[in-house]
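First up is the structure itself, then whatever we jot down about it.
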Number of protein chains: 2
Amino acid sequence: MPSQHASPESVRERARELESTLERLRARALMLDLTRGKPSSAQLDLITDLDGCLGGDYRCEDGTDSRNYGAPEGIPEARRLGGELLGVPADTVIAAGNSSLELMYLFALWAMRFGPDGRTPWESDGPVECLCPVPGYDRHFAICEELAIEMVPVPMTGRGPDMDAVEALIASHRKIRAMWCVPKYSNPTGETYDEETVRRIATLGSNAHPAFRVLWDNAYSVHDLDDHPPASANVFALARAQGNEDTIVGFASTSKISLAGGGVAFLTASDTNRNPFLGRLANMTIGPDKVNQLRHARYFRDLRGIRAHMMKHAALVRPKFELVLDRLQSSLGGKDCGTWTVPKGGYFISFYGEPGTARRIVRLCADCGVRLTEAGAAFPYGRDPEDRHIRLAPTFPPTDELETALEVFVTCAELVTLRQRLRAND
Amino acid sequence: MPSQHASPESVRERARELESTLERLRARALMLDLTRGKPSSAQLDLITDLDGCLGGDYRCEDGTDSRNYGAPEGIPEARRLGGELLGVPADTVIAAGNSSLELMYLFALWAMRFGPDGRTPWESDGPVECLCPVPGYDRHFAICEELAIEMVPVPMTGRGPDMDAVEALIASHRKIRAMWCVPKYSNPTGETYDEETVRRIATLGSNAHPAFRVLWDNAYSVHDLDDHPPASANVFALARAQGNEDTIVGFASTSKISLAGGGVAFLTASDTNRNPFLGRLANMTIGPDKVNQLRHARYFRDLRGIRAHMMKHAALVRPKFELVLDRLQSSLGGKDCGTWTVPKGGYFISFYGEPGTARRIVRLCADCGVRLTEAGAAFPYGRDPEDRHIRLAPTFPPTDELETALEVFVTCAELVTLRQRLRAND
C-alpha cells in the first residue's frame, strides 16, 4: 500500500490491483465464517470419548445417583472442578447446566427483579446502569439490553479496563449496579487484566452502591496459547481480604474446554449472593444434568487434567492465531491501515482499522463470501463510536479456509482504507 | 377399625392396638422416603446404555455438529421426538435442556415481564391471577409464588378441572392470565382429563383476556401402567381448529422416560408465543446441550421407541402401585377413614383422609421414620382448606421399603382418625 503521502495516482493504481485480487477471490464463491468464537471440529474431536466415559457407573462420590432428580447446587466433584477453575473454594460454587451465559443472564435478571442479595432489587430505584469495558462481549451487552440496563462504555487499555475512568464513574453515577469483566484473554481484545487492575476492581465495592456487582466472566482462564501465560490475580481472594466478597460474582464453563454445546457451567459467589440465587434456581429446576457433570468430573479429575487437555487445544489453536497474525503483519504491516492485538490466549484478535472503515470492511468481506462479526458488535448498542473495531475469530475454520479468509480480509481492509483516503483527497 | 358408631371403649382399644403396632415400627428406626415422584434405580438402570450410545458420531441429521454452539431451538431429530410426544408438528417445538419446569418458569417469567407474545406483559396491568386445579403440582405453585402471581384454586373432578368453575372464573375475574394443567395422570390425583374437559379448555381463549395462556404440562403422556390407557384428546388441534392456538402452551420432558436428571425438555407453542420466547432463550444461552438431545433421538428414534421403553417402566412401577392400593384397601377399606384415587398411570396416588387429619398423619409418619410430601403441598400457598389430602409417591423406594412405609402409613392414618373421633366425642 502506498504511504499516506503517496500520490493519488499511485494510490489509485494500488486500489485497482486490490480490486482485481478481490475479483479473483469473489469468483471463487467463498462461504467462509469468522463470526463466532467456536472451537473447530478438530478441537471437539479431542474429547470424543467423553460420551460413554461413565461406563455404567452413575454414582457420585457422595453416593448421589447422578441420574435422578435433585442437587440444584450440583454434585460435589463438579463443584470442586469449578472451584479449581475459578480459584475459589468448592462450597462457594454452583455447578449448573451447559451455559455460563445462562447463569449470568439469570443473575442479572434476578438481581433486577429481586436483588443480588434477594432483598434489594436493582430496578427498585428506577433505571440502572452497567459499566461495559469496550470493546467487549456482545452477548453480555445483549443481556443488558434485554433487561433495559443502560450501558456505560469504559475503554480497555491493554491491561484491562481504564480503572481511573471506572472509579470516577462509580463515584459520580449512583445508578451503576454492575460491571462486566472478562479478566483473562478478554473477549475480543485478548488482553489480560494486570494485577493492579484486578486489585482496584476488588476494591470497587468499598465505594459503590451496596447492590453493585462485578460480573466476572472468566471464560478463558485456561485457554493459554503457550507455556508462558500472563499472570492473573485472584480477584475473589483480594475482594474477600477487604470485606468486599459480596461484590464479585464469578462465572466459568467448560464450553471451550470440553464441548461447546455440552459442557458444564459454574457460578461462584459469597453466601449473600449465592443463597438467594440457589433458592431461585431450585424454584426453576429440580436440578442440573448431574450425569454430564459426573462425566466431566471423571474425565478431567482436576485442574491438572484440564490443563493437560488444554495443551492439546493450544496445539490446534496456536497455528491459527499465528497464521492470522503473520498474514496481518505481512500484508498490512507498516501500511498505516490498521493495528491489531497479539493475544497470548483466548479466542479472538481485535483489529482496529482507520476511523470510519470497519463497517465498510466487514460489508466488503461479506460481499466476497467471508462473514465476520458485525462491525460495532463489540460495543454497547452496536455502536463503535469511531467505526474502527473488527473482531477476528480464528479458531473455527480449517487452516486452508482461514488462510483464504485472511486473504480476503487484508485485501478488503487495505482497499477500503485506500478508497477512504482517495475520497478524503477529492 | 371400629365403625363410626362404635363405642368409645372399642375405639380406644383399637387405638391402643395401633399404638403398639406403631411402637414396634418406630423401634426399627426407619428412614423411608415417599416424598417425591422420583424414578427408582431399577427404572434408571433400564437406560444405562444411553451414555455412550453415540459411538463417536456427533453429527445431526441436518449436518449440525451437536458438540458445537448454536441451534437455540434444538436439533431437528429432538424437536421431532418432542413433537410426537406432545402430538404437535416438530416445527412448533423447542427442544431445550434437561428441565421442562425451567421452560415453564421462563415462560411465566417472561410473560410477566415482556408478555407471552413479547408485547403485552402480564404485570403491566397490576397483579394477575392463575387458575390452579387442586390438588395440583407444588412446583407449579412455587413458580406462581416466586413471580407474585396470585393463585385461584379450582377443584379437580376426577375427569379434570371443574370446567364450570373455570369458565365462570374466567368470565368474572379479568386478572386471570394463566391456568396450570397436567392433563394426563394429573399430579397428584392421577386422573386424566376427559374429552369434554379438553374441548372446553381448548375454547377458553375465546372468552379470556388475549394474554391468557394455558400452561399444559403433559408430564405423563406415555406413563401408562397397563395396555388400556385412558384416551386423551389433543388440545392443540382442538384449540387450533377454533383459532385459539395462541392460548395453549405445551410442555413435556423425558425426565421420567430416560433420566430424571439428564433428560431433554420440550416446549410447544404457536408462532406468536414461540418466536419471542425463542428470542429471549437465544439471549440467555448460545444453545441447549445438543449432544444429549442427539443421544435421546438416536436411542428412542420415535414415539414407538419411547412406548416400548415405557412398557419396561410399567413392569417396574405397576407392582408398586398395586402394592399401595392393595394395602390401602386391605387396611383402610370400609373403615371410613379415607379414600384414595386409583390411577392408571403417572407417579402419584392421592389419599384423602377425614377433614383435619392430613397434617397429623404426615407428622406421625415422619415421627416413625417415613417421610411423605408435606400435607397441603398440593394446594396453593400450602393450604389444603380441609386438611385432608396426602400425596403418595410409590415409585422411588424398593418394594420391601414401600411395604414397610405403607404399613406405617395405614397405621398412622387409622390412628390419627380414631384419635380425632375420640376427641370429637369428648
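Chain labels A, B, ... are given in the sequence in which chains occur in the C-alpha cells; within each chain residues are numbered consecutively from 1, and ligands are likewise numbered from 1 in the order shown.
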
Spatial neighbours of range 59-71 of chain B, 12 Å, only C-alpha atoms, chain gap at least 5 places, as a ChimeraX atom specification: /A:36-48,50-51,98-99,255-263,396 /B:54,76-80,94-96,278-279,281-283,285-298

Gly126 in chain A surroundings by only C-alpha atoms, 12 Å radius, close-in-sequence under 5 positions cut, as a PyMOL selection string: chain A and resi 112-113+121+148-150+174-177

All helix (DSSP H, G or I) residues (DSSP, backbone) inside range 152-266 of chain B, as a list in words: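 Secondary structure check on range 152-266 of chain B, helix (DSSP H, G or I): Met163, Asp164, Ala165, Val166, Glu167, Ala168, Leu169, Ile170, Ala171, Ser172, Glu195, Glu196, Thr197, Val198, Arg199, Arg200, Ile201, Ala202, Thr203, Leu204, Gly205, Ser206, Val235, Phe236, Ala237, Leu238, Ala239, Arg240 and Ala241 of chain B.
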
Pick from B:Gly160, B:Pro155, B:Pro276, B:Gly243 nearest to chain A, counting only C-alpha atoms: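 Result for the nearest residue to chain A: B:Pro276.
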
Residue contacts of range 207-215 of chain A (6 Å, only C-alpha atoms) excluding same-chain residues fewer than 6 positions away, as a count of residues only: 8

Residues near Asp91 in chain B, cut-off 12 Å, only C-alpha atoms, skip fewer than 5 positions along chain, as JSON, numbers by chain: {"B": [73, 74, 75, 76, 77, 78, 79, 80, 81, 82, 83, 84, 266, 267, 268, 269, 270, 271, 274, 275]}

Produce a file of the selected residues containing N, CA and C atoms, as an mmCIF file, in the first residue's frame.
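File out_24.cif, as written:
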data_model
loop_
_atom_site.group_PDB
_atom_site.id
_atom_site.type_symbol
_atom_site.label_atom_id
_atom_site.label_comp_id
_atom_site.auth_asym_id
_atom_site.auth_seq_id
_atom_site.Cartn_x
_atom_site.Cartn_y
_atom_site.Cartn_z
ATOM 1 N N GLU B 73 -33.140 -23.479 19.231
ATOM 2 C CA GLU B 73 -34.424 -24.184 19.146
ATOM 3 C C GLU B 73 -34.259 -25.696 19.285
ATOM 4 N N GLY B 74 -33.022 -26.175 19.353
ATOM 5 C CA GLY B 74 -32.783 -27.613 19.446
ATOM 6 C C GLY B 74 -32.532 -28.233 18.087
ATOM 7 N N ILE B 75 -32.114 -29.509 18.088
ATOM 8 C CA ILE B 75 -31.782 -30.177 16.822
ATOM 9 C C ILE B 75 -33.047 -30.814 16.232
ATOM 10 N N PRO B 76 -33.093 -30.968 14.912
ATOM 11 C CA PRO B 76 -34.333 -31.423 14.256
ATOM 12 C C PRO B 76 -34.865 -32.740 14.814
ATOM 13 N N GLU B 77 -33.975 -33.722 15.011
ATOM 14 C CA GLU B 77 -34.484 -35.032 15.438
ATOM 15 C C GLU B 77 -35.043 -34.981 16.859
ATOM 16 N N ALA B 78 -34.513 -34.099 17.698
ATOM 17 C CA ALA B 78 -35.056 -33.969 19.060
ATOM 18 C C ALA B 78 -36.386 -33.224 19.033
ATOM 19 N N ARG B 79 -36.471 -32.215 18.184
ATOM 20 C CA ARG B 79 -37.739 -31.473 18.073
ATOM 21 C C ARG B 79 -38.836 -32.405 17.551
ATOM 22 N N ARG B 80 -38.471 -33.292 16.635
ATOM 23 C CA ARG B 80 -39.458 -34.233 16.103
ATOM 24 C C ARG B 80 -39.938 -35.185 17.207
ATOM 25 N N LEU B 81 -38.974 -35.675 18.001
ATOM 26 C CA LEU B 81 -39.330 -36.566 19.109
ATOM 27 C C LEU B 81 -40.267 -35.850 20.080
ATOM 28 N N GLY B 82 -39.932 -34.598 20.400
ATOM 29 C CA GLY B 82 -40.796 -33.818 21.282
ATOM 30 C C GLY B 82 -42.172 -33.605 20.678
ATOM 31 N N GLY B 83 -42.199 -33.377 19.374
ATOM 32 C CA GLY B 83 -43.474 -33.192 18.683
ATOM 33 C C GLY B 83 -44.345 -34.438 18.769
ATOM 34 N N GLU B 84 -43.729 -35.603 18.606
ATOM 35 C CA GLU B 84 -44.503 -36.849 18.707
ATOM 36 C C GLU B 84 -45.025 -37.043 20.127
ATOM 37 N N PHE B 266 -39.106 -30.152 26.410
ATOM 38 C CA PHE B 266 -39.709 -29.597 25.195
ATOM 39 C C PHE B 266 -40.775 -28.563 25.540
ATOM 40 N N LEU B 267 -40.868 -27.553 24.680
ATOM 41 C CA LEU B 267 -41.970 -26.591 24.729
ATOM 42 C C LEU B 267 -42.602 -26.560 23.343
ATOM 43 N N THR B 268 -43.930 -26.537 23.285
ATOM 44 C CA THR B 268 -44.584 -26.303 22.006
ATOM 45 C C THR B 268 -45.529 -25.118 22.146
ATOM 46 N N ALA B 269 -45.552 -24.284 21.131
ATOM 47 C CA ALA B 269 -46.411 -23.103 21.175
ATOM 48 C C ALA B 269 -46.574 -22.561 19.768
ATOM 49 N N SER B 270 -47.615 -21.757 19.602
ATOM 50 C CA SER B 270 -47.837 -21.077 18.329
ATOM 51 C C SER B 270 -46.696 -20.116 18.047
ATOM 52 N N ASP B 271 -46.593 -19.673 16.787
ATOM 53 C CA ASP B 271 -45.549 -18.701 16.423
ATOM 54 C C ASP B 271 -45.584 -17.479 17.341
ATOM 55 N N ARG B 274 -44.053 -18.643 20.522
ATOM 56 C CA ARG B 274 -42.760 -19.323 20.446
ATOM 57 C C ARG B 274 -41.648 -18.381 19.981
ATOM 58 N N ASN B 275 -41.951 -17.519 19.035
ATOM 59 C CA ASN B 275 -40.875 -16.678 18.496
ATOM 60 C C ASN B 275 -40.274 -15.726 19.527
#

Residues flagged strand (DSSP E) by DSSP in range 29-135 of chain B, as a ChimeraX atom specification: /B:32-34,93-95,129-134

Hey, can you spit out that residue selection with C-alpha atoms as a short mmCIF file (atom, residue, chain, number, x, y, z; two decimals), in the first residue's frame?
data_model
loop_
_atom_site.label_atom_id
_atom_site.label_comp_id
_atom_site.auth_asym_id
_atom_site.auth_seq_id
_atom_site.Cartn_x
_atom_site.Cartn_y
_atom_site.Cartn_z
CA LEU B 32 -38.05 -44.16 54.33
CA ASP B 33 -38.92 -41.50 51.79
CA LEU B 34 -42.15 -41.25 49.82
CA VAL B 93 -41.35 -27.41 19.23
CA ILE B 94 -38.33 -26.08 21.07
CA ALA B 95 -36.05 -28.83 22.37
CA GLU B 129 -54.05 -14.40 38.77
CA CYS B 130 -53.54 -18.00 37.73
CA LEU B 131 -56.12 -20.79 37.89
CA CYS B 132 -54.74 -23.73 39.82
CA PRO B 133 -56.65 -27.02 39.69
CA VAL B 134 -56.32 -28.62 43.13
#
